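See below for the structure under consideration.
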Amino acid sequence: MKTTTHTLPSKQNMSNTNTVNSSQTINRSQAINIWQTLNIYRLETKFEWLKSIRNPAFALPAILFPALFYIFFGVLMNQHNPEAATYLLCTYGTFGIIGPALFSFGAGLAVERGQGWLDIKEASPMPGSAQIVSRLVVSMAFSVMVLASLGLVAFIMTDVSLSLAQILTLSTILILGGLPFCLLGLILGLLLKAESAPAVVNLVYLPMSFLSGLWIPITMLPNFLQSFAEFLPPYHLSQLALKVVDLDTDGSVGKHLAILTLFTLVFFGLSLMAYNSKSIK
Amino acid sequence: MQLKNTSEQNTNSSVIASAYRLTKSFAGKKALDNIDLELKSGQVLAILGANGAGKTTLINILLGRLNADSGDVSVFGVKAGSLQAKRQAGAMLQVANLPETLKIKEHIQLFQSYYPHPMDYQQVINYAGLQDMQNRYSKKLSGGEKQRLLFALSICGNPKLLFLDEPSVGMDVDARQGLWHAIRDLREAGTGIVLTTHYLEEADNLADNIVLLKQGAIIRQGSIEEIKASISQTTIRFSSDQKRSKFEQLPAVVSVKSKGKFIHLQTEDVNQTLIALLSANPNLQNLSVSSAGLEEAFLQLNGGAK
């Protein structure tokens, strides 16, 4: 039995061998052009979409719950008051776009991480950002579906009347407004254990929505809760949405935008910290 | 880039991954202790060891998923875990589950897109033996079938370096034969393969070289023949009603075990022991003599080198 040191070539010899290999590597990696990289993002997004839409535990509640809640609170309990129906359309729209953002990132990522599936992806040359971008796009696609289902309910069952410009502005605000919640979901997805992630995400999602005045109008909440809502990002997004139909409570567009931007930056920073705490040791 | 002294390169196979004086501790406990190893292209290196011996830590360091405390790690002459290294490598790690609502076909298409020169789709399917289930959702796969899919994903990029962490867990005999066939084929094509396994038969069948880890240290390293040869012992087996202590005094006997009716003697010198054994027990039943296989070698080395 030879010992290890006998069987190994000298370090000097080794480094030459390696040099040759790495020069081949560089030529080869230049062959990957920008189109191939874009193709990774395209396929990652396509399959993230198929994965999500085929999963009834994710897709059904994401799309149907906001519409069902709206039918209950905005239509049945509200006797043909178009102003209340319009108000609640905006707040349930806000509620609806937060769901897929939090669950796709929060629960989805935590589960795949827990299974060890992300280890396989990390060992592959997939760019890490493809994972984030694909989920972001899929969350936004779900937002579109949520808003479409809410719009359909409002069109058929209520007397809400919005101009095309209002519909487009409202949709744009809400779809883009999903970004801070995607980042919040990302933080949760990186930190939570797979088993507890869906429950914890619900514990964040539902109380935060209620306290931000998304289920019943903020003015119907007690005063101290109304002041507390100032600290919750969904409140500010719903106020921006309500501005489109002139039903907002208070605060300028600039103030709500500034606060949402601040939350986005803080969540971005925290998700970077969470990511770094999980990465290579 | 320096491109000198290419003549010093081994003409047939070059070193594609190496680790020198590698040490890694977790919370003060040594997980890897002064590891030296090299993998050449077209070579299968089996890393054997009990649970917790450091196999997975070693693979994770070679994949760049963990940083070593000290030592040099190099994969294709670049940093382990760098994009250049990843594009030429494939990894089959232990995974509890895959995203359930994607089809086998889709998983493979996605992983093919990650690599500059992906392996042909049909070839991936054939190697992994997935011909009959390309449209099946990963939710519906058995443990062995999932392993086959993970193997498929690990070879999607035409890897020059392939990591297989317990690849045949949960596979039936046919699937395992298929996997071995694929591994041999890839090796013929020049892929360097790092394999960890609990099945010594697998290492015996596939590996060119073996690294035996115990508590983070390499206790043996060499070809299968070298490892087997380092075990000079032979097993003598026979049935006997007598107490095992009667055989312990026989010359050259290292250890005595009784398994049911049978007595197993480990001996360092077959002739000496046999002569003494037969003269004392002329009517011995069911006598057989066998030299140590990899399994015996493994058990002995793993148990003995405390």
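Convention: chains lettered A, B, ... in structure tokens order; per-chain residue numbering from 1; ligands numbered from 1 as shown.
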Using only C-alpha atoms, which protein or nucleic acid residues come within 6 Å of region 88-90 of chain A? Drop anything in the same chain fewer than 2 positions from it, and give the result as a list in words. Gly74, Ala85, Thr86, Tyr92, Gly93 and Ala241 of chain A
Determine which residues of region 16-264 of chain A DSSP labels as alpha helix (DSSP H) from the backbone of this structure, then write them out as a count of residues only. 184
For Leu265 (chain B): contacts at 7 Å, only C-alpha atoms, fewer than 5 positions along chain excluded, given as an MDAnalysis selection string: chainID B and resid 235:237 253 255:257
Would you save the residues from that selection as an mmCIF file, in the first residue's frame, using N, CA and C atoms?
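Done, and the output landed in part-v9.cif:
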data_model
loop_
_atom_site.group_PDB
_atom_site.id
_atom_site.type_symbol
_atom_site.label_atom_id
_atom_site.label_comp_id
_atom_site.auth_asym_id
_atom_site.auth_seq_id
_atom_site.Cartn_x
_atom_site.Cartn_y
_atom_site.Cartn_z
ATOM 1 N N THR B 235 -10.628 -15.732 5.454
ATOM 2 C CA THR B 235 -11.658 -16.254 6.337
ATOM 3 C C THR B 235 -11.808 -17.767 6.132
ATOM 4 N N ILE B 236 -11.795 -18.498 7.233
ATOM 5 C CA ILE B 236 -12.075 -19.935 7.190
ATOM 6 C C ILE B 236 -13.429 -20.152 7.855
ATOM 7 N N ARG B 237 -14.305 -20.838 7.127
ATOM 8 C CA ARG B 237 -15.653 -21.010 7.652
ATOM 9 C C ARG B 237 -15.961 -22.500 7.731
ATOM 10 N N VAL B 253 -4.562 -17.139 14.113
ATOM 11 C CA VAL B 253 -5.951 -16.669 14.120
ATOM 12 C C VAL B 253 -6.039 -15.260 14.711
ATOM 13 N N SER B 255 -9.231 -13.403 14.677
ATOM 14 C CA SER B 255 -10.498 -13.263 15.390
ATOM 15 C C SER B 255 -11.405 -14.448 15.085
ATOM 16 N N VAL B 256 -12.334 -14.687 15.992
ATOM 17 C CA VAL B 256 -13.273 -15.799 15.835
ATOM 18 C C VAL B 256 -14.678 -15.237 16.011
ATOM 19 N N LYS B 257 -15.548 -15.613 15.054
ATOM 20 C CA LYS B 257 -16.945 -15.202 15.200
ATOM 21 C C LYS B 257 -17.808 -16.421 15.008
#
Contacts between chain A and chain B, please, where a residue of chain B counts if it comes within 8 Å (with only C-alpha atoms); show its shortest atom pair and distance in Å to one decimal, rows by chain and ascending number, as a tab-separated table.
residue	atom	partner	partner_atom	distance
B:Met1	CA	A:Ser23	CA	6.8
B:Gln2	CA	A:Thr19	CA	6.6
B:Leu3	CA	A:Val20	CA	6.1
B:Lys4	CA	A:Asn16	CA	7.2
B:Asn5	CA	A:Asn16	CA	6.7
B:Thr6	CA	A:Asn16	CA	7.0
B:Glu8	CA	A:Asn13	CA	6.7
B:Gln9	CA	A:Thr17	CA	5.6
B:Ser14	CA	A:Thr17	CA	6.8
B:Val15	CA	A:Thr17	CA	7.0
B:Ile16	CA	A:Asn18	CA	7.4
B:Asp36	CA	A:Thr4	CA	7.1
B:Leu37	CA	A:Thr4	CA	7.9
B:Glu38	CA	A:Leu8	CA	7.6
B:Leu63	CA	A:Ala123	CA	6.7
B:Gly64	CA	A:Ile280	CA	7.8
B:Arg65	CA	A:Ile280	CA	5.6
B:Leu66	CA	A:Ile280	CA	5.2
B:Asn67	CA	A:Lys281	CA	5.7
B:Phe76	CA	A:Asn21	CA	5.6
B:Gly77	CA	A:Asn18	CA	4.1
B:Val78	CA	A:Ser22	CA	6.4
B:Gly81	CA	A:Ala123	CA	7.4
B:Leu83	CA	A:Pro125	CA	5.9
B:Gln84	CA	A:Thr25	CA	6.4
B:Lys86	CA	A:Pro125	CA	5.2
B:Arg87	CA	A:Pro125	CA	5.5
B:Ala89	CA	A:Ser124	CA	7.8
B:Gly90	CA	A:Ser124	CA	6.9
B:Ala91	CA	A:Ala123	CA	6.6
B:Met92	CA	A:Ile120	CA	7.2
B:Leu93	CA	A:Ile120	CA	6.6
B:Gln94	CA	A:Gly116	CA	7.3
B:Val95	CA	A:Gly116	CA	4.9
B:Ala96	CA	A:Gln115	CA	4.9
B:Asn97	CA	A:Gln115	CA	5.4
B:Leu98	CA	A:Trp117	CA	6.0
B:Pro99	CA	A:Glu112	CA	7.1
B:Glu100	CA	A:Lys51	CA	7.8
B:Thr101	CA	A:Lys51	CA	5.1
B:Leu102	CA	A:Lys51	CA	5.7
B:Glu106	CA	A:Phe47	CA	7.4
B:Leu110	CA	A:Leu43	CA	6.2
B:Ser113	CA	A:Ile40	CA	5.6
B:Tyr114	CA	A:Met126	CA	5.3
B:Tyr115	CA	A:Pro125	CA	6.9
B:Pro116	CA	A:Ile32	CA	5.4
B:Gln221	CA	A:Thr4	CA	6.8
B:Gly222	CA	A:Met1	CA	7.3
B:Glu226	CA	A:Met1	CA	6.0
B:Ile227	CA	A:Met1	CA	7.3
B:Ser230	CA	A:Met1	CA	6.3
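In terms of minimum interatomic distance to Glu83 (chain A), A:Ser161 ranks closest within A:Ser161, A:Asn202, A:Phe228, A:Leu257, counting only C-alpha atoms.
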Pick from A:Ser149, A:Thr45, A:Ser209, A:Gln166: nearest to Ala130 (chain A), with only C-alpha atoms counted? A:Thr45
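Across the structure, CA of Val146 (chain A) and CA of Thr261 (chain A) are spaced 23.4 Å apart.
From CA of Gly106 (chain A) back to CA of Met145 (chain A), the distance works out to 19.7 Å.
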Selection near Pro82 (chain A), 7 Å with only C-alpha atoms, sequence-local residues under 6 positions removed, as JSON, numbers by chain: {"A": [158, 159, 160]}
All residues 8 Å or closer to region 192-199 of chain B, only C-alpha atoms, same chain fewer than 6 positions away omitted, as a ChimeraX atom specification: /B:16,39-50,55,160-167
Which residues are near Ser271 (chain A)? Cut-off 7 Å, only C-alpha atoms, ignore same chain within fewer than 5 positions. Put them as an MDAnalysis selection string. chainID A and resid 183 186:187
Written file, previous selection with C-alpha atoms, as a compact mmCIF listing (two decimals), in the first residue's frame:
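Dumped everything to selection_26.txt:
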# COMPACT_ATOMS: atom_id res chain seq x y z
CA LEU A 183 -39.17 40.67 -1.01
CA LEU A 186 -38.17 36.09 0.05
CA ILE A 187 -36.99 36.88 3.58
Just give me the gap between CA of Ser168 (chain B) and CA of Ser290 (chain B) in Å, one decimal is fine. 27.7 Å
